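Data file: protein.cif. Format and content: mmCIF, C-alpha atoms.
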data_entry
#
loop_
_atom_site.label_atom_id
_atom_site.label_comp_id
_atom_site.auth_asym_id
_atom_site.auth_seq_id
_atom_site.Cartn_x
_atom_site.Cartn_y
_atom_site.Cartn_z
CA MET A 953 -11.81 -18.53 -43.31
CA SER A 954 -9.62 -15.50 -44.07
CA ALA A 955 -9.31 -12.61 -41.62
CA ASP A 956 -10.26 -10.03 -44.25
CA LEU A 957 -12.34 -8.04 -41.74
CA ALA A 958 -9.53 -7.83 -39.17
CA GLY A 959 -9.82 -4.73 -37.01
CA LEU A 960 -13.25 -3.71 -38.25
CA VAL A 961 -16.07 -3.20 -35.74
CA ALA A 962 -19.53 -4.61 -36.39
CA VAL A 963 -22.91 -4.47 -34.66
CA VAL A 964 -25.46 -7.19 -35.37
CA THR A 965 -28.98 -6.99 -33.92
CA GLY A 966 -31.28 -9.91 -33.23
CA ALA A 967 -28.14 -11.92 -32.58
CA ALA A 968 -29.19 -14.34 -29.86
CA GLY A 969 -30.11 -16.94 -32.48
CA GLY A 970 -30.94 -17.64 -36.11
CA ILE A 971 -29.59 -15.36 -38.84
CA GLY A 972 -28.20 -12.81 -36.39
CA ALA A 973 -26.18 -15.34 -34.42
CA ALA A 974 -24.83 -16.93 -37.61
CA THR A 975 -23.87 -13.52 -38.99
CA ALA A 976 -22.14 -12.42 -35.80
CA ALA A 977 -20.15 -15.67 -35.70
CA GLN A 978 -19.11 -15.48 -39.36
CA LEU A 979 -17.99 -11.85 -39.10
CA ALA A 980 -15.96 -12.62 -35.98
CA GLU A 981 -14.37 -15.62 -37.70
CA ARG A 982 -13.22 -13.20 -40.41
CA GLY A 983 -11.48 -11.02 -37.83
CA ALA A 984 -14.11 -8.41 -37.01
CA ARG A 985 -14.76 -7.19 -33.49
CA VAL A 986 -18.46 -7.92 -33.22
CA LEU A 987 -21.05 -6.66 -30.77
CA ALA A 988 -24.07 -8.98 -30.85
CA VAL A 989 -27.25 -7.29 -29.61
CA ASP A 990 -30.54 -8.86 -28.53
CA ARG A 991 -33.29 -8.43 -25.94
CA LYS A 992 -32.72 -12.07 -24.96
CA PRO A 993 -29.69 -13.17 -22.89
CA ALA A 994 -26.54 -14.29 -24.66
CA PRO A 995 -26.81 -17.94 -25.77
CA GLU A 996 -24.62 -20.37 -23.89
CA GLU A 997 -23.17 -21.70 -27.14
CA MET A 998 -21.90 -18.30 -28.30
CA GLY A 999 -18.27 -18.72 -29.36
CA ALA A 1000 -15.25 -16.63 -28.52
CA GLY A 1001 -15.01 -15.07 -31.98
CA GLY A 1002 -12.34 -17.01 -33.87
CA ALA A 1003 -9.86 -14.60 -35.44
CA GLY A 1004 -11.84 -11.62 -34.16
CA GLU A 1005 -13.84 -10.78 -31.06
CA LEU A 1006 -17.45 -11.56 -30.18
CA SER A 1007 -19.19 -9.81 -27.30
CA PHE A 1008 -22.85 -9.47 -26.34
CA LEU A 1009 -25.09 -6.61 -25.21
CA GLN A 1010 -28.56 -7.37 -23.90
CA VAL A 1011 -30.93 -4.52 -24.71
CA ASP A 1012 -34.56 -4.23 -25.77
CA LEU A 1013 -34.43 -2.46 -29.12
CA MET A 1014 -37.90 -1.04 -28.54
CA ASP A 1015 -36.66 1.03 -25.60
CA GLU A 1016 -36.59 4.67 -26.62
CA ASP A 1017 -32.93 5.07 -25.67
CA ALA A 1018 -31.78 1.75 -27.19
CA PRO A 1019 -30.05 3.18 -30.31
CA ASP A 1020 -28.06 5.69 -28.25
CA ARG A 1021 -27.17 3.04 -25.65
CA ILE A 1022 -25.84 0.71 -28.34
CA VAL A 1023 -23.82 3.40 -30.09
CA ASP A 1024 -22.48 4.77 -26.81
CA HIS A 1025 -21.41 1.24 -25.85
CA VAL A 1026 -19.64 0.79 -29.18
CA ARG A 1027 -17.93 4.16 -28.90
CA ALA A 1028 -16.72 3.44 -25.36
CA ARG A 1029 -15.58 -0.12 -26.04
CA PHE A 1030 -14.20 0.11 -29.58
CA GLY A 1031 -14.00 3.79 -30.49
CA ALA A 1032 -15.28 3.08 -33.99
CA LEU A 1033 -17.98 1.40 -36.06
CA ASP A 1034 -17.61 0.02 -39.58
CA ILE A 1035 -20.49 -2.44 -40.07
CA LEU A 1036 -24.13 -2.33 -38.97
CA VAL A 1037 -26.40 -5.31 -39.59
CA ASN A 1038 -30.07 -4.70 -38.74
CA ASN A 1039 -31.48 -8.19 -38.40
CA ALA A 1040 -34.00 -8.08 -35.53
CA ALA A 1041 -37.57 -8.56 -36.79
CA LEU A 1042 -41.09 -9.79 -36.07
CA ILE A 1043 -43.43 -11.85 -38.21
CA GLY A 1044 -46.50 -10.51 -36.43
CA GLU A 1045 -49.90 -12.05 -35.86
CA GLY A 1046 -50.65 -12.89 -39.50
CA ALA A 1047 -54.22 -11.64 -39.41
CA SER A 1048 -56.19 -10.76 -42.54
CA ILE A 1049 -56.54 -7.13 -43.62
CA GLU A 1050 -60.07 -7.17 -42.20
CA ARG A 1051 -59.02 -8.53 -38.82
CA PHE A 1052 -55.59 -7.02 -38.16
CA SER A 1053 -55.00 -5.39 -34.79
CA LEU A 1054 -53.64 -1.88 -34.51
CA ASP A 1055 -51.31 -3.06 -31.75
CA ASP A 1056 -49.81 -5.69 -34.07
CA LEU A 1057 -49.41 -3.15 -36.88
CA ARG A 1058 -47.63 -0.72 -34.60
CA ARG A 1059 -45.41 -3.33 -32.95
CA THR A 1060 -44.39 -4.96 -36.24
CA PHE A 1061 -43.49 -1.62 -37.81
CA GLU A 1062 -41.71 -0.56 -34.63
CA VAL A 1063 -39.41 -3.58 -34.68
CA ASN A 1064 -39.08 -4.09 -38.45
CA VAL A 1065 -38.82 -0.45 -39.60
CA ILE A 1066 -38.54 2.17 -36.87
CA VAL A 1067 -35.86 0.35 -34.86
CA PRO A 1068 -33.47 -0.09 -37.83
CA PHE A 1069 -34.23 3.46 -39.00
CA ARG A 1070 -33.29 4.90 -35.60
CA LEU A 1071 -30.23 2.69 -35.22
CA CYS A 1072 -28.96 3.72 -38.66
CA ALA A 1073 -29.44 7.36 -37.67
CA ALA A 1074 -27.60 6.93 -34.37
CA ALA A 1075 -24.76 4.98 -36.00
CA THR A 1076 -24.23 7.31 -38.97
CA PRO A 1077 -21.65 9.62 -37.31
CA LEU A 1078 -19.38 6.67 -36.49
CA LEU A 1079 -19.96 5.07 -39.90
CA LYS A 1080 -18.95 8.36 -41.56
CA GLN A 1081 -15.71 8.34 -39.59
CA SER A 1082 -14.99 4.82 -40.83
CA GLY A 1083 -14.68 5.89 -44.45
CA GLN A 1084 -15.78 2.39 -45.46
CA GLY A 1085 -19.03 2.00 -43.54
CA ARG A 1086 -21.39 -0.84 -44.37
CA ILE A 1087 -25.10 -1.06 -43.55
CA VAL A 1088 -26.94 -4.30 -44.26
CA ASN A 1089 -30.64 -4.52 -43.45
CA VAL A 1090 -32.30 -7.92 -43.38
CA GLY A 1091 -35.44 -7.82 -45.48
CA SER A 1092 -37.22 -10.80 -46.99
CA VAL A 1093 -38.38 -12.09 -50.34
CA ASN A 1094 -41.48 -10.24 -49.12
CA SER A 1095 -39.53 -7.01 -49.61
CA ILE A 1096 -40.39 -7.24 -53.33
CA MET A 1097 -43.35 -9.62 -53.50
CA ALA A 1098 -46.54 -10.38 -51.62
CA SER A 1099 -47.37 -13.56 -49.76
CA LYS A 1100 -50.37 -15.52 -48.67
CA ALA A 1101 -53.42 -13.88 -47.10
CA GLY A 1102 -52.73 -12.66 -43.61
CA ALA A 1103 -49.25 -11.30 -44.29
CA SER A 1104 -50.15 -7.70 -45.14
CA VAL A 1105 -48.56 -6.17 -42.05
CA TYR A 1106 -45.32 -8.13 -42.40
CA VAL A 1107 -45.07 -7.61 -46.17
CA ALA A 1108 -45.63 -3.87 -45.82
CA SER A 1109 -42.90 -3.64 -43.19
CA LYS A 1110 -40.40 -5.52 -45.33
CA HIS A 1111 -41.17 -3.36 -48.36
CA ALA A 1112 -40.45 -0.38 -46.13
CA ILE A 1113 -37.00 -1.80 -45.31
CA ALA A 1114 -36.21 -1.94 -49.03
CA GLY A 1115 -37.20 1.70 -49.43
CA LEU A 1116 -35.24 2.80 -46.37
CA THR A 1117 -32.12 1.02 -47.60
CA LYS A 1118 -32.26 2.65 -51.03
CA ALA A 1119 -32.70 6.08 -49.43
CA LEU A 1120 -29.71 5.45 -47.15
CA ALA A 1121 -27.62 4.37 -50.14
CA ALA A 1122 -28.31 7.66 -51.88
CA GLU A 1123 -27.79 9.81 -48.80
CA LEU A 1124 -24.73 8.15 -47.31
CA GLY A 1125 -22.89 7.03 -50.44
CA PRO A 1126 -20.93 10.31 -50.65
CA TYR A 1127 -19.40 9.46 -47.26
CA GLY A 1128 -18.11 6.08 -48.44
CA ILE A 1129 -20.97 4.21 -46.76
CA THR A 1130 -22.87 1.52 -48.63
CA ALA A 1131 -26.37 0.42 -47.68
CA ASN A 1132 -27.80 -2.84 -48.97
CA TYR A 1133 -30.38 -5.39 -47.93
CA VAL A 1134 -30.66 -9.15 -48.17
CA LEU A 1135 -33.84 -10.96 -49.18
CA PRO A 1136 -33.82 -14.29 -47.37
CA GLY A 1137 -36.01 -17.06 -48.67
CA PRO A 1138 -37.78 -19.37 -46.20
CA THR A 1139 -35.19 -19.95 -43.49
CA LEU A 1140 -35.08 -22.34 -40.56
CA THR A 1141 -34.84 -20.03 -37.55
CA PRO A 1142 -36.34 -19.97 -34.06
CA MET A 1143 -38.85 -17.41 -35.37
CA SER A 1144 -39.98 -19.56 -38.32
CA ALA A 1145 -40.09 -22.70 -36.18
CA ALA A 1146 -43.24 -21.37 -34.57
CA LEU A 1147 -44.99 -21.54 -37.95
CA GLY A 1148 -45.09 -25.34 -37.82
CA ASP A 1149 -44.59 -28.31 -40.12
CA ALA A 1150 -47.14 -27.19 -42.69
CA TRP A 1151 -45.14 -23.99 -43.30
CA ARG A 1152 -41.89 -25.93 -43.71
CA GLU A 1153 -43.39 -28.44 -46.13
CA HIS A 1154 -45.11 -25.78 -48.21
CA TYR A 1155 -42.08 -23.53 -48.65
CA ALA A 1156 -39.53 -26.30 -49.09
CA SER A 1157 -41.46 -27.31 -52.20
CA ARG A 1158 -41.14 -23.78 -53.62
CA VAL A 1159 -37.33 -23.54 -53.39
CA PRO A 1160 -35.63 -24.88 -56.56
CA MET A 1161 -32.58 -25.97 -54.56
CA GLY A 1162 -34.84 -28.46 -52.81
CA ARG A 1163 -34.48 -27.37 -49.20
CA LEU A 1164 -35.21 -24.55 -46.82
CA LEU A 1165 -32.38 -22.16 -46.12
CA GLU A 1166 -30.20 -22.22 -43.02
CA PRO A 1167 -29.08 -19.13 -41.07
CA ASP A 1168 -25.51 -19.64 -42.32
CA ASP A 1169 -26.77 -19.29 -45.91
CA ILE A 1170 -28.14 -15.82 -45.19
CA ALA A 1171 -25.08 -14.88 -43.14
CA GLY A 1172 -22.94 -15.67 -46.18
CA GLY A 1173 -24.85 -13.14 -48.26
CA ILE A 1174 -24.50 -10.52 -45.55
CA GLY A 1175 -20.81 -11.35 -45.31
CA PHE A 1176 -20.36 -10.64 -49.02
CA LEU A 1177 -22.07 -7.25 -48.76
CA VAL A 1178 -19.78 -6.08 -45.92
CA GLY A 1179 -16.59 -7.24 -47.62
CA ALA A 1180 -14.17 -5.43 -49.91
CA ALA A 1181 -15.52 -7.19 -53.01
CA ALA A 1182 -18.83 -5.35 -52.54
CA ALA A 1183 -17.30 -1.88 -52.18
CA MET A 1184 -19.37 -0.54 -55.11
CA VAL A 1185 -22.55 -2.50 -54.39
CA ASN A 1186 -24.93 0.11 -53.00
CA GLY A 1187 -28.71 0.27 -52.72
CA HIS A 1188 -29.00 -3.35 -53.79
CA GLY A 1189 -31.28 -6.13 -52.62
CA LEU A 1190 -29.43 -9.46 -52.64
CA ALA A 1191 -31.75 -12.46 -52.80
CA VAL A 1192 -30.49 -15.45 -50.83
CA ASP A 1193 -33.44 -17.69 -51.55
CA GLY A 1194 -32.29 -20.84 -53.36
CA GLY A 1195 -33.86 -19.54 -56.57
CA MET A 1196 -37.36 -19.02 -55.18
CA LEU A 1197 -37.85 -15.57 -56.71
CA ALA A 1198 -36.56 -16.75 -60.09
CA VAL A 1199 -39.38 -19.29 -60.25
CA LEU A 1200 -42.06 -16.94 -58.95
CA ALA A 1201 -41.04 -13.93 -61.06
#

Render the structure in this file as structure tokens.
Amino acid sequence: MSADLAGLVAVVTGAAGGIGAATAAQLAERGARVLAVDRKPAPEEMGAGGAGELSFLQVDLMDEDAPDRIVDHVRARFGALDILVNNAALIGEGASIERFSLDDLRRTFEVNVIVPFRLCAAATPLLKQSGQGRIVNVGSVNSIMASKAGASVYVASKHAIAGLTKALAAELGPYGITANYVLPGPTLTPMSAALGDAWREHYASRVPMGRLLEPDDIAGGIGFLVGAAAAMVNGHGLAVDGGMLAVLA
């Protein structure tokens, strides 16, 4: 893998496993200096970073001071920030619209919307200094479509991420910053593993490529959006779904 991101500094949230861990590893392999962030401890299998550097910061993103702590850490350690990947998310309880809990609604929106919103805000001064800043928010195919009954809270939060990203693209584009989001299809992650075999069998049958996605598949899409080839891709939602949306559209 080429070191095309050599010298660039990246922050990836939700990076203790799944899509976040795969993204952090791929960016480091391409030469970036990556800070992986998660409320969980660093995984034992986390690599050294390949051509780049891979370090870990344990912080609960729901703490009120978390965005400032992350940015202050980046400023002190690296002195710059070029790439921000907001990946941390919750699926939520999956209750019907008649039985949802207010606590679940608030917590899901806190993690899926408010946390990335606040982290983007805190990171913007450093991204402006970069001159080539990249923001990638991890949405879902549910950022543009609905899902089965019981997903209203999650679907609403992922639609909000799409809207936030487009607003950021318009506001920050004049500073050389692009903001895009990926729309992962059904992906095998620690979070989705809790949904069970029935979920895997159901969604595998809906992906034209014939399999569920792996974290590295999504990380590849994120990697494209932060690279030089995507310099003029801004406000875009990139589906990495094995063709699922093409069939459902």

Any idea what the distance is between atom CA of Val961 of chain A and atom CA of Thr1130 of chain A?
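Going from atom CA of Val961 of chain A over to atom CA of Thr1130 of chain A covers 15.3 Å.
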
Spatial neighbours of Ile1066 of chain A, max dist 10 Å, all atoms listed in the file, sep filter under 6 positions, as a PyMOL selection string
chain A and resi 1013-1014+1058-1060+1072+1109+1112-1113

Let's have the selection written as a tab-separated table (two decimals), in the coordinates of the input, with C-alpha atoms.
chain	number	residue	atom	x	y	z
A	1013	LEU	CA	-34.43	-2.46	-29.12
A	1014	MET	CA	-37.90	-1.04	-28.54
A	1058	ARG	CA	-47.63	-0.72	-34.60
A	1059	ARG	CA	-45.41	-3.33	-32.95
A	1060	THR	CA	-44.39	-4.96	-36.24
A	1072	CYS	CA	-28.96	3.72	-38.66
A	1109	SER	CA	-42.90	-3.64	-43.19
A	1112	ALA	CA	-40.45	-0.38	-46.13
A	1113	ILE	CA	-37.00	-1.80	-45.31

Near Gly1137 of chain A, counting all atoms listed in the file, which residues have an atom at most 7 Å away, once you skip same-chain residues fewer than 2 positions from it, shown as a ChimeraX atom specification?
/A:1092-1093,1135,1139,1165,1192-1193,1196

Selected residues written out with C-alpha atoms, as a short mmCIF file (atom, residue, chain, number, x, y, z; two decimals), keeping the file's coordinate frame:
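Produced file out.cif, reproduced below:
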data_model
loop_
_atom_site.label_atom_id
_atom_site.label_comp_id
_atom_site.auth_asym_id
_atom_site.auth_seq_id
_atom_site.Cartn_x
_atom_site.Cartn_y
_atom_site.Cartn_z
CA SER A 1092 -37.22 -10.80 -46.99
CA VAL A 1093 -38.38 -12.09 -50.34
CA LEU A 1135 -33.84 -10.96 -49.18
CA THR A 1139 -35.19 -19.95 -43.49
CA LEU A 1165 -32.38 -22.16 -46.12
CA VAL A 1192 -30.49 -15.45 -50.83
CA ASP A 1193 -33.44 -17.69 -51.55
CA MET A 1196 -37.36 -19.02 -55.18
#

Check the smallest atom-to-atom distance from each of A:Ala1018, A:Met1161, A:Ala1114, A:Met1184 to Val1199 of chain A using all atoms listed in the file, then report the winner.
A:Met1161

Which value, in Å to one decimal, gives the distance between atom CA of Ala1131 of chain A and atom CA of Gly1173 of chain A?
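Taking atom CA of Ala1131 of chain A as the start and atom CA of Gly1173 of chain A as the end point, the length is 13.7 Å.
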
Could you please determine the separation between atom CA of Ala955 of chain A and atom CA of Gly1002 of chain A in Å, to one decimal place?
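Rounded to one decimal, the two atoms are 9.4 Å apart.
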
Closest to Gly983 of chain A among A:Gly1179, A:Pro1068, A:Pro1019, A:Pro1167, using all atoms listed in the file?
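Among A:Gly1179, A:Pro1068, A:Pro1019, A:Pro1167, it is A:Gly1179 that comes nearest to Gly983 of chain A.
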
Residue contacts of Ala958 of chain A (12 Å, all atoms listed in the file) excluding same-chain residues fewer than 2 positions away, as an mmCIF file with C-alpha atoms, in the coordinates of the input:
data_model
loop_
_atom_site.group_PDB
_atom_site.id
_atom_site.type_symbol
_atom_site.label_atom_id
_atom_site.label_comp_id
_atom_site.auth_asym_id
_atom_site.auth_seq_id
_atom_site.Cartn_x
_atom_site.Cartn_y
_atom_site.Cartn_z
ATOM 1 C CA MET A 953 -11.810 -18.530 -43.310
ATOM 2 C CA SER A 954 -9.620 -15.500 -44.070
ATOM 3 C CA ALA A 955 -9.310 -12.610 -41.620
ATOM 4 C CA ASP A 956 -10.260 -10.030 -44.250
ATOM 5 C CA LEU A 960 -13.250 -3.710 -38.250
ATOM 6 C CA VAL A 961 -16.070 -3.200 -35.740
ATOM 7 C CA ALA A 962 -19.530 -4.610 -36.390
ATOM 8 C CA LEU A 979 -17.990 -11.850 -39.100
ATOM 9 C CA ALA A 980 -15.960 -12.620 -35.980
ATOM 10 C CA GLU A 981 -14.370 -15.620 -37.700
ATOM 11 C CA ARG A 982 -13.220 -13.200 -40.410
ATOM 12 C CA GLY A 983 -11.480 -11.020 -37.830
ATOM 13 C CA ALA A 984 -14.110 -8.410 -37.010
ATOM 14 C CA ARG A 985 -14.760 -7.190 -33.490
ATOM 15 C CA VAL A 986 -18.460 -7.920 -33.220
ATOM 16 C CA GLY A 1001 -15.010 -15.070 -31.980
ATOM 17 C CA GLY A 1002 -12.340 -17.010 -33.870
ATOM 18 C CA ALA A 1003 -9.860 -14.600 -35.440
ATOM 19 C CA GLY A 1004 -11.840 -11.620 -34.160
ATOM 20 C CA GLU A 1005 -13.840 -10.780 -31.060
ATOM 21 C CA ASP A 1034 -17.610 0.020 -39.580
ATOM 22 C CA GLY A 1179 -16.590 -7.240 -47.620
ATOM 23 C CA ALA A 1180 -14.170 -5.430 -49.910
#

Between A:Gly1083, A:Asp1169, A:Gly1128, A:Leu957, which one has atoms that come closest to Gly970 of chain A, using only C-alpha atoms?
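Comparing A:Gly1083, A:Asp1169, A:Gly1128, A:Leu957 against Gly970 of chain A, the winner is A:Asp1169.
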
Measuring atom to atom with only C-alpha atoms, identify which of A:Val963, A:Met998, A:Ala974, A:Val1185 is nearest to Ala1075 of chain A.
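That would be A:Val963, the residue with the smallest distance to Ala1075 of chain A.
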
How would you write, as a ChimeraX atom specification, the residues chosen by the PyMOL selection byres ((chain A and resi 992) around 7) on this structure?
/A:968,990-991,993-994,1010

Using all atoms listed in the file: which of A:Thr1117, A:Asn1132, A:Gln1081, A:Ser1104 has the shortest distance to Gly1044 of chain A:
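Closest candidate: A:Ser1104.
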
Could you tell me which of A:Ala1198, A:Tyr1106, A:Pro1126, A:Val989 comes closest to Ser1048 of chain A if we count only C-alpha atoms?
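The closest residue to Ser1048 of chain A is A:Tyr1106.
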
Determine the residue membership of the PyMOL selection byres ((chain A and resi 1078) around 9) for the file above and supply it as a compact mmCIF listing (two decimals) with C-alpha atoms, in the frame of the given file.
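Output file result_39.txt follows:
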# COMPACT_ATOMS: atom_id res chain seq x y z
CA VAL A 1023 -23.82 3.40 -30.09
CA ARG A 1027 -17.93 4.16 -28.90
CA GLY A 1031 -14.00 3.79 -30.49
CA ALA A 1032 -15.28 3.08 -33.99
CA LEU A 1033 -17.98 1.40 -36.06
CA ASP A 1034 -17.61 0.02 -39.58
CA ALA A 1074 -27.60 6.93 -34.37
CA ALA A 1075 -24.76 4.98 -36.00
CA THR A 1076 -24.23 7.31 -38.97
CA PRO A 1077 -21.65 9.62 -37.31
CA LEU A 1079 -19.96 5.07 -39.90
CA LYS A 1080 -18.95 8.36 -41.56
CA GLN A 1081 -15.71 8.34 -39.59
CA SER A 1082 -14.99 4.82 -40.83
CA GLY A 1085 -19.03 2.00 -43.54

If you count only C-alpha atoms, which residues fall within 8 Å of Ala1040 of chain A, apart from same-chain ones fewer than 4 positions away, as a list in words?
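These residues fall inside the cut-off: Thr965, Gly966, Ala967, Gly972, Asp990, Val1063 and Asn1064 of chain A.
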